[in-house]
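Have a look at upload28.txt; it's compact mmCIF, N, CA and C atoms and all ligand atoms:
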```txt
# COMPACT_ATOMS: atom_id res chain seq x y z
N MET A 1 121.77 -60.24 106.39
CA MET A 1 123.10 -60.30 107.01
C MET A 1 124.09 -60.86 105.99
N SER A 2 125.16 -60.09 105.69
CA SER A 2 126.17 -60.62 104.77
C SER A 2 127.17 -61.45 105.57
N GLN A 3 128.31 -61.73 104.99
CA GLN A 3 129.27 -62.60 105.69
C GLN A 3 129.62 -62.06 107.07
N VAL A 4 129.71 -62.95 108.03
CA VAL A 4 130.07 -62.53 109.38
C VAL A 4 131.35 -63.25 109.81
N TYR A 5 132.04 -62.62 110.77
CA TYR A 5 133.23 -63.23 111.36
C TYR A 5 132.84 -63.81 112.72
N LEU A 6 133.26 -65.03 112.95
CA LEU A 6 132.91 -65.68 114.21
C LEU A 6 134.12 -66.42 114.75
N ARG A 7 134.38 -66.21 116.05
CA ARG A 7 135.39 -67.05 116.70
C ARG A 7 134.84 -68.47 116.71
N PRO A 8 135.67 -69.47 116.48
CA PRO A 8 135.16 -70.85 116.41
C PRO A 8 134.33 -71.26 117.62
N HIS A 9 134.78 -70.92 118.84
CA HIS A 9 134.04 -71.43 120.00
C HIS A 9 132.67 -70.77 120.16
N HIS A 10 132.44 -69.65 119.48
CA HIS A 10 131.12 -69.03 119.56
C HIS A 10 130.06 -69.85 118.83
N ALA A 11 130.48 -70.76 117.97
CA ALA A 11 129.50 -71.69 117.35
C ALA A 11 128.92 -72.62 118.41
N LEU A 12 129.64 -72.76 119.53
CA LEU A 12 129.13 -73.55 120.66
C LEU A 12 128.27 -72.68 121.58
N CYS A 13 128.81 -71.53 121.98
CA CYS A 13 128.09 -70.63 122.91
C CYS A 13 126.69 -70.32 122.40
N ILE A 14 126.59 -70.05 121.12
CA ILE A 14 125.30 -69.64 120.54
C ILE A 14 124.23 -70.71 120.74
N GLN A 15 124.63 -71.96 120.73
CA GLN A 15 123.64 -73.04 120.81
C GLN A 15 123.04 -73.19 122.20
N PHE A 16 123.66 -72.53 123.20
CA PHE A 16 123.16 -72.66 124.57
C PHE A 16 122.68 -71.32 125.13
N PHE A 17 122.63 -70.31 124.29
CA PHE A 17 122.30 -68.96 124.79
C PHE A 17 120.90 -68.95 125.41
N GLU A 18 120.85 -68.42 126.63
CA GLU A 18 119.54 -68.33 127.30
C GLU A 18 119.36 -66.95 127.93
N GLY A 19 119.97 -65.95 127.33
CA GLY A 19 119.75 -64.58 127.79
C GLY A 19 120.70 -64.12 128.87
N LYS A 20 121.77 -64.86 129.09
CA LYS A 20 122.76 -64.42 130.07
C LYS A 20 124.05 -64.03 129.33
N GLY A 21 124.78 -63.08 129.93
CA GLY A 21 126.01 -62.65 129.28
C GLY A 21 126.71 -61.59 130.10
N TYR A 22 127.69 -60.94 129.48
CA TYR A 22 128.59 -60.05 130.21
C TYR A 22 127.98 -58.70 130.57
N SER A 23 126.92 -58.30 129.86
CA SER A 23 126.26 -57.02 130.15
C SER A 23 124.91 -57.04 129.42
N GLU A 24 124.05 -56.09 129.76
CA GLU A 24 122.75 -56.03 129.06
C GLU A 24 122.94 -55.76 127.59
N GLU A 25 123.86 -54.87 127.28
CA GLU A 25 124.12 -54.53 125.87
C GLU A 25 124.65 -55.76 125.12
N PHE A 26 125.53 -56.49 125.78
CA PHE A 26 126.07 -57.70 125.15
C PHE A 26 124.96 -58.70 124.87
N VAL A 27 124.08 -58.91 125.87
CA VAL A 27 123.00 -59.89 125.72
C VAL A 27 122.06 -59.49 124.60
N SER A 28 121.70 -58.21 124.55
CA SER A 28 120.76 -57.81 123.51
C SER A 28 121.40 -57.91 122.13
N HIS A 29 122.69 -57.61 122.03
CA HIS A 29 123.40 -57.76 120.75
C HIS A 29 123.50 -59.24 120.37
N MET A 30 123.80 -60.07 121.34
CA MET A 30 123.93 -61.50 121.04
C MET A 30 122.60 -62.06 120.55
N ARG A 31 121.50 -61.61 121.18
CA ARG A 31 120.18 -62.07 120.75
C ARG A 31 119.92 -61.67 119.30
N ALA A 32 120.29 -60.44 118.95
CA ALA A 32 120.08 -59.95 117.58
C ALA A 32 120.93 -60.72 116.58
N VAL A 33 122.19 -60.99 116.95
CA VAL A 33 123.08 -61.72 116.04
C VAL A 33 122.56 -63.14 115.81
N ILE A 34 122.13 -63.79 116.89
CA ILE A 34 121.62 -65.16 116.75
C ILE A 34 120.37 -65.16 115.85
N GLY A 35 119.50 -64.17 116.04
CA GLY A 35 118.31 -64.09 115.19
C GLY A 35 118.69 -63.95 113.73
N ALA A 36 119.69 -63.12 113.45
CA ALA A 36 120.12 -62.90 112.07
C ALA A 36 120.77 -64.15 111.49
N LEU A 37 121.56 -64.85 112.29
CA LEU A 37 122.18 -66.10 111.81
C LEU A 37 121.11 -67.10 111.43
N GLN A 38 120.10 -67.20 112.28
CA GLN A 38 119.06 -68.21 112.04
C GLN A 38 118.15 -67.83 110.88
N SER A 39 117.91 -66.55 110.70
CA SER A 39 116.98 -66.17 109.64
C SER A 39 117.65 -66.06 108.28
N SER A 40 118.92 -65.63 108.24
CA SER A 40 119.50 -65.44 106.90
C SER A 40 120.61 -66.42 106.56
N ASP A 41 120.99 -67.26 107.52
CA ASP A 41 121.99 -68.30 107.27
C ASP A 41 123.18 -67.78 106.45
N PRO A 42 123.87 -66.76 106.98
CA PRO A 42 124.95 -66.15 106.22
C PRO A 42 126.19 -67.04 106.14
N ALA A 43 127.10 -66.65 105.25
CA ALA A 43 128.42 -67.26 105.24
C ALA A 43 129.16 -66.78 106.49
N VAL A 44 129.82 -67.70 107.17
CA VAL A 44 130.55 -67.39 108.40
C VAL A 44 132.02 -67.70 108.18
N MET A 45 132.87 -66.69 108.39
CA MET A 45 134.32 -66.94 108.32
C MET A 45 134.85 -67.10 109.75
N LEU A 46 135.60 -68.15 109.97
CA LEU A 46 136.16 -68.42 111.30
C LEU A 46 137.39 -67.54 111.51
N CYS A 47 137.32 -66.70 112.53
CA CYS A 47 138.41 -65.72 112.71
C CYS A 47 139.18 -65.97 114.00
N ASP A 48 140.41 -65.53 113.97
CA ASP A 48 141.33 -65.67 115.09
C ASP A 48 141.38 -64.34 115.82
N GLY A 49 140.43 -64.13 116.73
CA GLY A 49 140.36 -62.84 117.43
C GLY A 49 138.92 -62.38 117.53
N CYS A 50 138.75 -61.11 117.88
CA CYS A 50 137.40 -60.61 118.16
C CYS A 50 136.50 -60.68 116.93
N ASP A 51 135.23 -60.99 117.20
CA ASP A 51 134.26 -61.26 116.13
C ASP A 51 133.00 -60.42 116.32
N VAL A 52 131.94 -60.82 115.63
CA VAL A 52 130.69 -60.07 115.68
C VAL A 52 130.08 -60.07 117.08
N LEU A 53 130.23 -61.11 117.84
CA LEU A 53 129.68 -61.12 119.21
C LEU A 53 130.53 -60.26 120.14
N CYS A 54 131.83 -60.27 119.94
CA CYS A 54 132.74 -59.49 120.79
C CYS A 54 132.50 -57.99 120.66
N GLU A 55 131.85 -57.57 119.56
CA GLU A 55 131.68 -56.14 119.30
C GLU A 55 131.10 -55.39 120.50
N LYS A 56 130.19 -56.02 121.23
CA LYS A 56 129.53 -55.33 122.35
C LYS A 56 129.94 -55.91 123.70
N CYS A 57 131.06 -56.57 123.75
CA CYS A 57 131.48 -57.21 125.00
C CYS A 57 132.37 -56.28 125.81
N PRO A 58 132.11 -56.15 127.11
CA PRO A 58 132.95 -55.29 127.95
C PRO A 58 134.38 -55.81 128.10
N HIS A 59 134.62 -57.05 127.72
CA HIS A 59 135.98 -57.60 127.79
C HIS A 59 136.77 -57.37 126.50
N ASN A 60 136.12 -56.74 125.53
CA ASN A 60 136.78 -56.42 124.26
C ASN A 60 137.49 -55.08 124.43
N LEU A 61 138.80 -55.13 124.55
CA LEU A 61 139.58 -53.92 124.77
C LEU A 61 140.23 -53.50 123.46
N GLY A 62 139.50 -52.68 122.72
CA GLY A 62 140.04 -52.17 121.46
C GLY A 62 140.31 -53.26 120.44
N GLY A 63 139.45 -54.28 120.44
CA GLY A 63 139.61 -55.35 119.45
C GLY A 63 140.40 -56.54 119.93
N VAL A 64 140.80 -56.50 121.21
CA VAL A 64 141.52 -57.65 121.78
C VAL A 64 140.78 -58.10 123.04
N CYS A 65 140.49 -59.38 123.12
CA CYS A 65 139.79 -59.92 124.28
C CYS A 65 140.74 -59.96 125.47
N GLU A 66 140.26 -59.41 126.60
CA GLU A 66 141.16 -59.39 127.77
C GLU A 66 141.33 -60.77 128.37
N THR A 67 140.50 -61.73 127.96
CA THR A 67 140.71 -63.11 128.43
C THR A 67 141.23 -63.96 127.27
N ASP A 68 141.99 -63.32 126.40
CA ASP A 68 142.28 -63.99 125.13
C ASP A 68 143.05 -65.30 125.26
N GLY A 69 143.86 -65.44 126.28
CA GLY A 69 144.56 -66.72 126.42
C GLY A 69 143.57 -67.86 126.54
N LYS A 70 142.57 -67.65 127.40
CA LYS A 70 141.57 -68.70 127.62
C LYS A 70 140.68 -68.88 126.39
N ALA A 71 140.19 -67.77 125.84
CA ALA A 71 139.29 -67.84 124.68
C ALA A 71 140.00 -68.47 123.49
N SER A 72 141.26 -68.11 123.28
CA SER A 72 141.99 -68.67 122.14
C SER A 72 142.22 -70.16 122.30
N ALA A 73 142.48 -70.60 123.53
CA ALA A 73 142.68 -72.04 123.74
C ALA A 73 141.39 -72.80 123.44
N ILE A 74 140.25 -72.23 123.81
CA ILE A 74 138.97 -72.89 123.51
C ILE A 74 138.73 -72.89 122.00
N ASP A 75 139.10 -71.80 121.35
CA ASP A 75 138.98 -71.76 119.88
C ASP A 75 139.81 -72.88 119.24
N GLU A 76 141.02 -73.06 119.71
CA GLU A 76 141.91 -74.08 119.11
C GLU A 76 141.34 -75.48 119.31
N ARG A 77 140.82 -75.74 120.50
CA ARG A 77 140.24 -77.08 120.74
C ARG A 77 138.98 -77.28 119.90
N THR A 78 138.22 -76.21 119.73
CA THR A 78 137.00 -76.30 118.90
C THR A 78 137.37 -76.61 117.45
N LEU A 79 138.33 -75.86 116.92
CA LEU A 79 138.73 -76.07 115.52
C LEU A 79 139.23 -77.49 115.29
N ALA A 80 140.03 -77.99 116.24
CA ALA A 80 140.60 -79.33 116.06
C ALA A 80 139.49 -80.37 115.90
N LEU A 81 138.46 -80.26 116.72
CA LEU A 81 137.38 -81.25 116.64
C LEU A 81 136.47 -81.00 115.44
N LEU A 82 136.34 -79.76 115.05
CA LEU A 82 135.50 -79.46 113.88
C LEU A 82 136.19 -79.86 112.58
N GLY A 83 137.52 -80.02 112.63
CA GLY A 83 138.25 -80.31 111.40
C GLY A 83 138.30 -79.10 110.49
N LEU A 84 138.35 -77.90 111.10
CA LEU A 84 138.37 -76.66 110.33
C LEU A 84 139.56 -75.81 110.76
N ARG A 85 139.81 -74.74 110.00
CA ARG A 85 140.92 -73.82 110.30
C ARG A 85 140.42 -72.39 110.31
N PHE A 86 141.19 -71.52 110.97
CA PHE A 86 140.89 -70.09 110.87
C PHE A 86 140.90 -69.72 109.38
N GLY A 87 139.92 -68.91 109.00
CA GLY A 87 139.84 -68.48 107.60
C GLY A 87 138.86 -69.30 106.80
N ASP A 88 138.51 -70.49 107.30
CA ASP A 88 137.50 -71.28 106.58
C ASP A 88 136.15 -70.57 106.65
N THR A 89 135.38 -70.72 105.59
CA THR A 89 134.07 -70.08 105.51
C THR A 89 133.02 -71.12 105.17
N LEU A 90 131.94 -71.11 105.94
CA LEU A 90 130.83 -72.01 105.66
C LEU A 90 129.54 -71.38 106.14
N ARG A 91 128.45 -71.90 105.64
CA ARG A 91 127.14 -71.37 106.05
C ARG A 91 126.91 -71.64 107.53
N TRP A 92 126.17 -70.74 108.17
CA TRP A 92 125.90 -70.89 109.60
C TRP A 92 125.29 -72.26 109.91
N HIS A 93 124.31 -72.72 109.10
CA HIS A 93 123.65 -73.99 109.44
C HIS A 93 124.65 -75.15 109.34
N GLU A 94 125.62 -75.04 108.45
CA GLU A 94 126.63 -76.11 108.34
C GLU A 94 127.56 -76.08 109.56
N LEU A 95 127.96 -74.88 109.97
CA LEU A 95 128.84 -74.75 111.12
C LEU A 95 128.14 -75.23 112.40
N SER A 96 126.91 -74.81 112.60
CA SER A 96 126.21 -75.20 113.84
C SER A 96 125.96 -76.70 113.85
N ALA A 97 125.63 -77.29 112.71
CA ALA A 97 125.40 -78.73 112.67
C ALA A 97 126.70 -79.50 112.94
N ARG A 98 127.80 -79.00 112.40
CA ARG A 98 129.09 -79.64 112.62
C ARG A 98 129.49 -79.55 114.09
N ALA A 99 129.24 -78.39 114.71
CA ALA A 99 129.56 -78.21 116.12
C ALA A 99 128.72 -79.17 116.97
N TYR A 100 127.48 -79.33 116.58
CA TYR A 100 126.63 -80.26 117.33
C TYR A 100 127.12 -81.70 117.15
N ASP A 101 127.32 -82.08 115.92
CA ASP A 101 127.67 -83.49 115.62
C ASP A 101 129.02 -83.89 116.21
N ARG A 102 129.99 -82.97 116.17
CA ARG A 102 131.37 -83.36 116.53
C ARG A 102 131.76 -83.00 117.96
N ILE A 103 130.96 -82.18 118.61
CA ILE A 103 131.33 -81.76 119.97
C ILE A 103 130.17 -81.95 120.95
N ILE A 104 129.09 -81.24 120.72
CA ILE A 104 127.99 -81.24 121.70
C ILE A 104 127.33 -82.60 121.79
N GLY A 105 126.97 -83.15 120.64
CA GLY A 105 126.20 -84.40 120.62
C GLY A 105 127.00 -85.62 121.03
N CYS A 106 128.32 -85.49 121.09
CA CYS A 106 129.13 -86.63 121.52
C CYS A 106 129.88 -86.31 122.82
N SER A 107 129.28 -85.44 123.61
CA SER A 107 129.72 -85.19 124.99
C SER A 107 131.16 -84.72 125.11
N LYS A 108 131.59 -83.88 124.18
CA LYS A 108 132.96 -83.36 124.25
C LYS A 108 133.01 -81.90 124.71
N LEU A 109 131.85 -81.35 125.05
CA LEU A 109 131.80 -79.93 125.39
C LEU A 109 132.64 -79.61 126.63
N SER A 110 132.56 -80.42 127.66
CA SER A 110 133.26 -80.13 128.92
C SER A 110 134.77 -80.07 128.70
N GLY A 111 135.28 -80.92 127.85
CA GLY A 111 136.71 -80.90 127.57
C GLY A 111 137.10 -79.70 126.74
N VAL A 112 136.32 -79.40 125.72
CA VAL A 112 136.64 -78.26 124.85
C VAL A 112 136.56 -76.95 125.62
N CYS A 113 135.53 -76.82 126.45
CA CYS A 113 135.24 -75.53 127.10
C CYS A 113 135.75 -75.47 128.53
N ARG A 114 136.67 -76.34 128.90
CA ARG A 114 137.16 -76.32 130.29
C ARG A 114 137.74 -74.94 130.61
N GLY A 115 137.40 -74.47 131.82
CA GLY A 115 137.87 -73.15 132.23
C GLY A 115 136.91 -72.03 131.92
N CYS A 116 135.84 -72.31 131.16
CA CYS A 116 134.88 -71.24 130.81
C CYS A 116 133.89 -71.04 131.94
N GLN A 117 133.63 -69.78 132.28
CA GLN A 117 132.72 -69.47 133.38
C GLN A 117 131.27 -69.83 133.09
N TRP A 118 130.92 -70.02 131.83
CA TRP A 118 129.53 -70.30 131.45
C TRP A 118 129.24 -71.77 131.28
N LEU A 119 130.22 -72.61 131.46
CA LEU A 119 130.05 -74.03 131.13
C LEU A 119 128.91 -74.69 131.89
N MET A 120 128.66 -74.26 133.13
CA MET A 120 127.59 -74.93 133.88
C MET A 120 126.23 -74.71 133.23
N ILE A 121 126.06 -73.58 132.53
CA ILE A 121 124.79 -73.36 131.81
C ILE A 121 124.68 -74.36 130.66
N CYS A 122 125.74 -74.51 129.91
CA CYS A 122 125.71 -75.38 128.74
C CYS A 122 125.63 -76.85 129.10
N ASN A 123 126.08 -77.19 130.30
CA ASN A 123 126.07 -78.59 130.72
C ASN A 123 124.80 -79.02 131.42
N ARG A 124 123.85 -78.09 131.59
CA ARG A 124 122.61 -78.46 132.29
C ARG A 124 121.84 -79.51 131.54
S1 LIG A 201 134.96 -62.61 126.56
FE1 LIG A 201 136.37 -62.24 124.83
S2 LIG A 201 135.87 -63.85 123.31
FE2 LIG A 201 134.15 -63.73 124.75
S3 LIG A 201 132.68 -62.30 123.78
FE3 LIG A 201 134.00 -61.10 125.19
S4 LIG A 201 135.67 -60.28 123.91
FE4 LIG A 201 134.69 -61.99 122.79
```
Could you quickly redo this structure as structure tokens?
Ligand code: SF4
Amino acid sequence: MSQVYLRPHHALCIQFFEGKGYSEEFVSHMRAVIGALQSSDPAVMLCDGCDVLCEKCPHNLGGVCETDGKASAIDERTLALLGLRFGDTLRWHELSARAYDRIIGCSKLSGVCRGCQWLMICNR
């Protein structure tokens, strides 16, 4: 896997993935992407808009997320706590560790992800 584009908040979603998602195609694609991230530890560029996970999402309308107001707000809160900006590039293991250390491991997930329909899974 070469460099991938990832929305900042997807560095959080990936850590709680348990096979649920917007459609069967989306779930199977997400499983494949997570496997590739973990096995090849690619460079990840943080993007403002649809990313590698959005590719198979039914809410991706021609490259624009139909819930983009909500998704973008979660991206902004994620970036602020990560101390990163759109366009920054880092290895997947560095991004996931930073997301854990600065958000998940210090109980900030509920605030960052407020309004997300999947939050109850991540908060279990
Ligand atoms: S809901 Fe939006 S941000 Fe989330 S995966 Fe689908 S297109 Fe991407």
Separation of CA of Leu109 (chain A) from atom C of Met30 (chain A) in Å: 20.7 Å
Shell of 7 Å around ligand LIG 201 (chain A) (all atoms listed in the file), written as number ranges by chain: A: 49-51, 53-61, 64-68, 71-72
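When atom C of Arg31 (chain A) is paired with atom N of Arg114 (chain A), their separation reads 24.2 Å.
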Residue set, chain A restricted to alpha helix (DSSP H), as a ChimeraX atom specification: /A:10-13,24-40,68-82,92-99,109-112,119-122
Generate a file of the selected residues that holds N, CA and C atoms, formatted as a short mmCIF file (atom, residue, chain, number, x, y, z; two decimals), keeping the file's coordinate frame.
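This went into out_4.cif:
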```cif
data_model
loop_
_atom_site.label_atom_id
_atom_site.label_comp_id
_atom_site.auth_asym_id
_atom_site.auth_seq_id
_atom_site.Cartn_x
_atom_site.Cartn_y
_atom_site.Cartn_z
N HIS A 10 132.44 -69.65 119.48
CA HIS A 10 131.12 -69.03 119.56
C HIS A 10 130.06 -69.85 118.83
N ALA A 11 130.48 -70.76 117.97
CA ALA A 11 129.50 -71.69 117.35
C ALA A 11 128.92 -72.62 118.41
N LEU A 12 129.64 -72.76 119.53
CA LEU A 12 129.13 -73.55 120.66
C LEU A 12 128.27 -72.68 121.58
N CYS A 13 128.81 -71.53 121.98
CA CYS A 13 128.09 -70.63 122.91
C CYS A 13 126.69 -70.32 122.40
N GLU A 24 124.05 -56.09 129.76
CA GLU A 24 122.75 -56.03 129.06
C GLU A 24 122.94 -55.76 127.59
N GLU A 25 123.86 -54.87 127.28
CA GLU A 25 124.12 -54.53 125.87
C GLU A 25 124.65 -55.76 125.12
N PHE A 26 125.53 -56.49 125.78
CA PHE A 26 126.07 -57.70 125.15
C PHE A 26 124.96 -58.70 124.87
N VAL A 27 124.08 -58.91 125.87
CA VAL A 27 123.00 -59.89 125.72
C VAL A 27 122.06 -59.49 124.60
N SER A 28 121.70 -58.21 124.55
CA SER A 28 120.76 -57.81 123.51
C SER A 28 121.40 -57.91 122.13
N HIS A 29 122.69 -57.61 122.03
CA HIS A 29 123.40 -57.76 120.75
C HIS A 29 123.50 -59.24 120.37
N MET A 30 123.80 -60.07 121.34
CA MET A 30 123.93 -61.50 121.04
C MET A 30 122.60 -62.06 120.55
N ARG A 31 121.50 -61.61 121.18
CA ARG A 31 120.18 -62.07 120.75
C ARG A 31 119.92 -61.67 119.30
N ALA A 32 120.29 -60.44 118.95
CA ALA A 32 120.08 -59.95 117.58
C ALA A 32 120.93 -60.72 116.58
N VAL A 33 122.19 -60.99 116.95
CA VAL A 33 123.08 -61.72 116.04
C VAL A 33 122.56 -63.14 115.81
N ILE A 34 122.13 -63.79 116.89
CA ILE A 34 121.62 -65.16 116.75
C ILE A 34 120.37 -65.16 115.85
N GLY A 35 119.50 -64.17 116.04
CA GLY A 35 118.31 -64.09 115.19
C GLY A 35 118.69 -63.95 113.73
N ALA A 36 119.69 -63.12 113.45
CA ALA A 36 120.12 -62.90 112.07
C ALA A 36 120.77 -64.15 111.49
N LEU A 37 121.56 -64.85 112.29
CA LEU A 37 122.18 -66.10 111.81
C LEU A 37 121.11 -67.10 111.43
N GLN A 38 120.10 -67.20 112.28
CA GLN A 38 119.06 -68.21 112.04
C GLN A 38 118.15 -67.83 110.88
N SER A 39 117.91 -66.55 110.70
CA SER A 39 116.98 -66.17 109.64
C SER A 39 117.65 -66.06 108.28
N SER A 40 118.92 -65.63 108.24
CA SER A 40 119.50 -65.44 106.90
C SER A 40 120.61 -66.42 106.56
N ASP A 68 141.99 -63.32 126.40
CA ASP A 68 142.28 -63.99 125.13
C ASP A 68 143.05 -65.30 125.26
N GLY A 69 143.86 -65.44 126.28
CA GLY A 69 144.56 -66.72 126.42
C GLY A 69 143.57 -67.86 126.54
N LYS A 70 142.57 -67.65 127.40
CA LYS A 70 141.57 -68.70 127.62
C LYS A 70 140.68 -68.88 126.39
N ALA A 71 140.19 -67.77 125.84
CA ALA A 71 139.29 -67.84 124.68
C ALA A 71 140.00 -68.47 123.49
N SER A 72 141.26 -68.11 123.28
CA SER A 72 141.99 -68.67 122.14
C SER A 72 142.22 -70.16 122.30
N ALA A 73 142.48 -70.60 123.53
CA ALA A 73 142.68 -72.04 123.74
C ALA A 73 141.39 -72.80 123.44
N ILE A 74 140.25 -72.23 123.81
CA ILE A 74 138.97 -72.89 123.51
C ILE A 74 138.73 -72.89 122.00
N ASP A 75 139.10 -71.80 121.35
CA ASP A 75 138.98 -71.76 119.88
C ASP A 75 139.81 -72.88 119.24
N GLU A 76 141.02 -73.06 119.71
CA GLU A 76 141.91 -74.08 119.11
C GLU A 76 141.34 -75.48 119.31
N ARG A 77 140.82 -75.74 120.50
CA ARG A 77 140.24 -77.08 120.74
C ARG A 77 138.98 -77.28 119.90
N THR A 78 138.22 -76.21 119.73
CA THR A 78 137.00 -76.30 118.90
C THR A 78 137.37 -76.61 117.45
N LEU A 79 138.33 -75.86 116.92
CA LEU A 79 138.73 -76.07 115.52
C LEU A 79 139.23 -77.49 115.29
N ALA A 80 140.03 -77.99 116.24
CA ALA A 80 140.60 -79.33 116.06
C ALA A 80 139.49 -80.37 115.90
N LEU A 81 138.46 -80.26 116.72
CA LEU A 81 137.38 -81.25 116.64
C LEU A 81 136.47 -81.00 115.44
N LEU A 82 136.34 -79.76 115.05
CA LEU A 82 135.50 -79.46 113.88
C LEU A 82 136.19 -79.86 112.58
N TRP A 92 126.17 -70.74 108.17
CA TRP A 92 125.90 -70.89 109.60
C TRP A 92 125.29 -72.26 109.91
N HIS A 93 124.31 -72.72 109.10
CA HIS A 93 123.65 -73.99 109.44
C HIS A 93 124.65 -75.15 109.34
N GLU A 94 125.62 -75.04 108.45
CA GLU A 94 126.63 -76.11 108.34
C GLU A 94 127.56 -76.08 109.56
N LEU A 95 127.96 -74.88 109.97
CA LEU A 95 128.84 -74.75 111.12
C LEU A 95 128.14 -75.23 112.40
N SER A 96 126.91 -74.81 112.60
CA SER A 96 126.21 -75.20 113.84
C SER A 96 125.96 -76.70 113.85
N ALA A 97 125.63 -77.29 112.71
CA ALA A 97 125.40 -78.73 112.67
C ALA A 97 126.70 -79.50 112.94
N ARG A 98 127.80 -79.00 112.40
CA ARG A 98 129.09 -79.64 112.62
C ARG A 98 129.49 -79.55 114.09
N ALA A 99 129.24 -78.39 114.71
CA ALA A 99 129.56 -78.21 116.12
C ALA A 99 128.72 -79.17 116.97
N LEU A 109 131.85 -81.35 125.05
CA LEU A 109 131.80 -79.93 125.39
C LEU A 109 132.64 -79.61 126.63
N SER A 110 132.56 -80.42 127.66
CA SER A 110 133.26 -80.13 128.92
C SER A 110 134.77 -80.07 128.70
N GLY A 111 135.28 -80.92 127.85
CA GLY A 111 136.71 -80.90 127.57
C GLY A 111 137.10 -79.70 126.74
N VAL A 112 136.32 -79.40 125.72
CA VAL A 112 136.64 -78.26 124.85
C VAL A 112 136.56 -76.95 125.62
N LEU A 119 130.22 -72.61 131.46
CA LEU A 119 130.05 -74.03 131.13
C LEU A 119 128.91 -74.69 131.89
N MET A 120 128.66 -74.26 133.13
CA MET A 120 127.59 -74.93 133.88
C MET A 120 126.23 -74.71 133.23
N ILE A 121 126.06 -73.58 132.53
CA ILE A 121 124.79 -73.36 131.81
C ILE A 121 124.68 -74.36 130.66
N CYS A 122 125.74 -74.51 129.91
CA CYS A 122 125.71 -75.38 128.74
C CYS A 122 125.63 -76.85 129.10
#
```
Do a neighbour search on His9 (chain A) at 10 Å with only C-alpha atoms, toss out local chain neighbours closer than 4 positions, and write the hits as an mmCIF file with N, CA and C atoms, in the frame of the given file.
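As a result, around.cif now contains:
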```
data_model
loop_
_atom_site.group_PDB
_atom_site.id
_atom_site.type_symbol
_atom_site.label_atom_id
_atom_site.label_comp_id
_atom_site.auth_asym_id
_atom_site.auth_seq_id
_atom_site.Cartn_x
_atom_site.Cartn_y
_atom_site.Cartn_z
ATOM 1 N N CYS A 13 128.810 -71.530 121.980
ATOM 2 C CA CYS A 13 128.090 -70.630 122.910
ATOM 3 C C CYS A 13 126.690 -70.320 122.400
ATOM 4 N N ILE A 14 126.590 -70.050 121.120
ATOM 5 C CA ILE A 14 125.300 -69.640 120.540
ATOM 6 C C ILE A 14 124.230 -70.710 120.740
ATOM 7 N N LEU A 46 135.600 -68.150 109.970
ATOM 8 C CA LEU A 46 136.160 -68.420 111.300
ATOM 9 C C LEU A 46 137.390 -67.540 111.510
ATOM 10 N N ALA A 71 140.190 -67.770 125.840
ATOM 11 C CA ALA A 71 139.290 -67.840 124.680
ATOM 12 C C ALA A 71 140.000 -68.470 123.490
ATOM 13 N N SER A 72 141.260 -68.110 123.280
ATOM 14 C CA SER A 72 141.990 -68.670 122.140
ATOM 15 C C SER A 72 142.220 -70.160 122.300
ATOM 16 N N ALA A 73 142.480 -70.600 123.530
ATOM 17 C CA ALA A 73 142.680 -72.040 123.740
ATOM 18 C C ALA A 73 141.390 -72.800 123.440
ATOM 19 N N ILE A 74 140.250 -72.230 123.810
ATOM 20 C CA ILE A 74 138.970 -72.890 123.510
ATOM 21 C C ILE A 74 138.730 -72.890 122.000
ATOM 22 N N ASP A 75 139.100 -71.800 121.350
ATOM 23 C CA ASP A 75 138.980 -71.760 119.880
ATOM 24 C C ASP A 75 139.810 -72.880 119.240
ATOM 25 N N GLU A 76 141.020 -73.060 119.710
ATOM 26 C CA GLU A 76 141.910 -74.080 119.110
ATOM 27 C C GLU A 76 141.340 -75.480 119.310
ATOM 28 N N ARG A 77 140.820 -75.740 120.500
ATOM 29 C CA ARG A 77 140.240 -77.080 120.740
ATOM 30 C C ARG A 77 138.980 -77.280 119.900
ATOM 31 N N THR A 78 138.220 -76.210 119.730
ATOM 32 C CA THR A 78 137.000 -76.300 118.900
ATOM 33 C C THR A 78 137.370 -76.610 117.450
ATOM 34 N N LEU A 79 138.330 -75.860 116.920
ATOM 35 C CA LEU A 79 138.730 -76.070 115.520
ATOM 36 C C LEU A 79 139.230 -77.490 115.290
ATOM 37 N N ALA A 99 129.240 -78.390 114.710
ATOM 38 C CA ALA A 99 129.560 -78.210 116.120
ATOM 39 C C ALA A 99 128.720 -79.170 116.970
ATOM 40 N N VAL A 112 136.320 -79.400 125.720
ATOM 41 C CA VAL A 112 136.640 -78.260 124.850
ATOM 42 C C VAL A 112 136.560 -76.950 125.620
ATOM 43 N N CYS A 113 135.530 -76.820 126.450
ATOM 44 C CA CYS A 113 135.240 -75.530 127.100
ATOM 45 C C CYS A 113 135.750 -75.470 128.530
#
```
Atomic distance CA of Leu84 (chain A) - atom C of Glu18 (chain A), expressed in Å with one decimal: 27.7 Å
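Among the residues of region 22-104 of chain A, backbone DSSP assigns strand (DSSP E) to Ala43, Val44, Met45, Leu46, Asn60, Leu61, Val64, Cys65, Thr89, Leu90 and Arg91 of chain A.
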Among the residues A:Val52, A:Gln117, A:Pro8, A:Gly111, the one that comes closest to Gly83 (chain A) [using only C-alpha atoms]: A:Pro8
Nearest candidate to Ile121 (chain A) (options A:Gly19, A:Leu6, A:His29, A:Gly87; using only C-alpha atoms): A:Gly19
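Shortest atom-to-atom contact with Gln3 (chain A) among A:Gly63, A:Pro42, A:Gly115, A:Gly69: A:Pro42, counting all atoms listed in the file.
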Among the residues A:Thr89, A:Leu12, A:Gly21, A:Leu119, the one that comes closest to Arg102 (chain A) [using only C-alpha atoms]: A:Leu12
To box region 42-49 of chain A, take all atoms listed in the file, fit an axis-aligned box, add 6 Å on each side, and give centre and edge lengths in Å to one decimal, as AutoDock Vina command-line options.
```
--center_x 132.6 --center_y -65.4 --center_z 111.4 --size_x 29.5 --size_y 18.0 --size_z 24.3
```
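Each of A:Val4, A:Val44, A:Val27, A:Ile34 was compared to Arg91 (chain A) using all atoms listed in the file, and A:Val44 turns out to be the nearest.
Comparing A:Leu37, A:Met1, A:Ala43, A:Ile103 by their smallest distance to Leu81 (chain A), the closest is A:Ile103 (using only C-alpha atoms).
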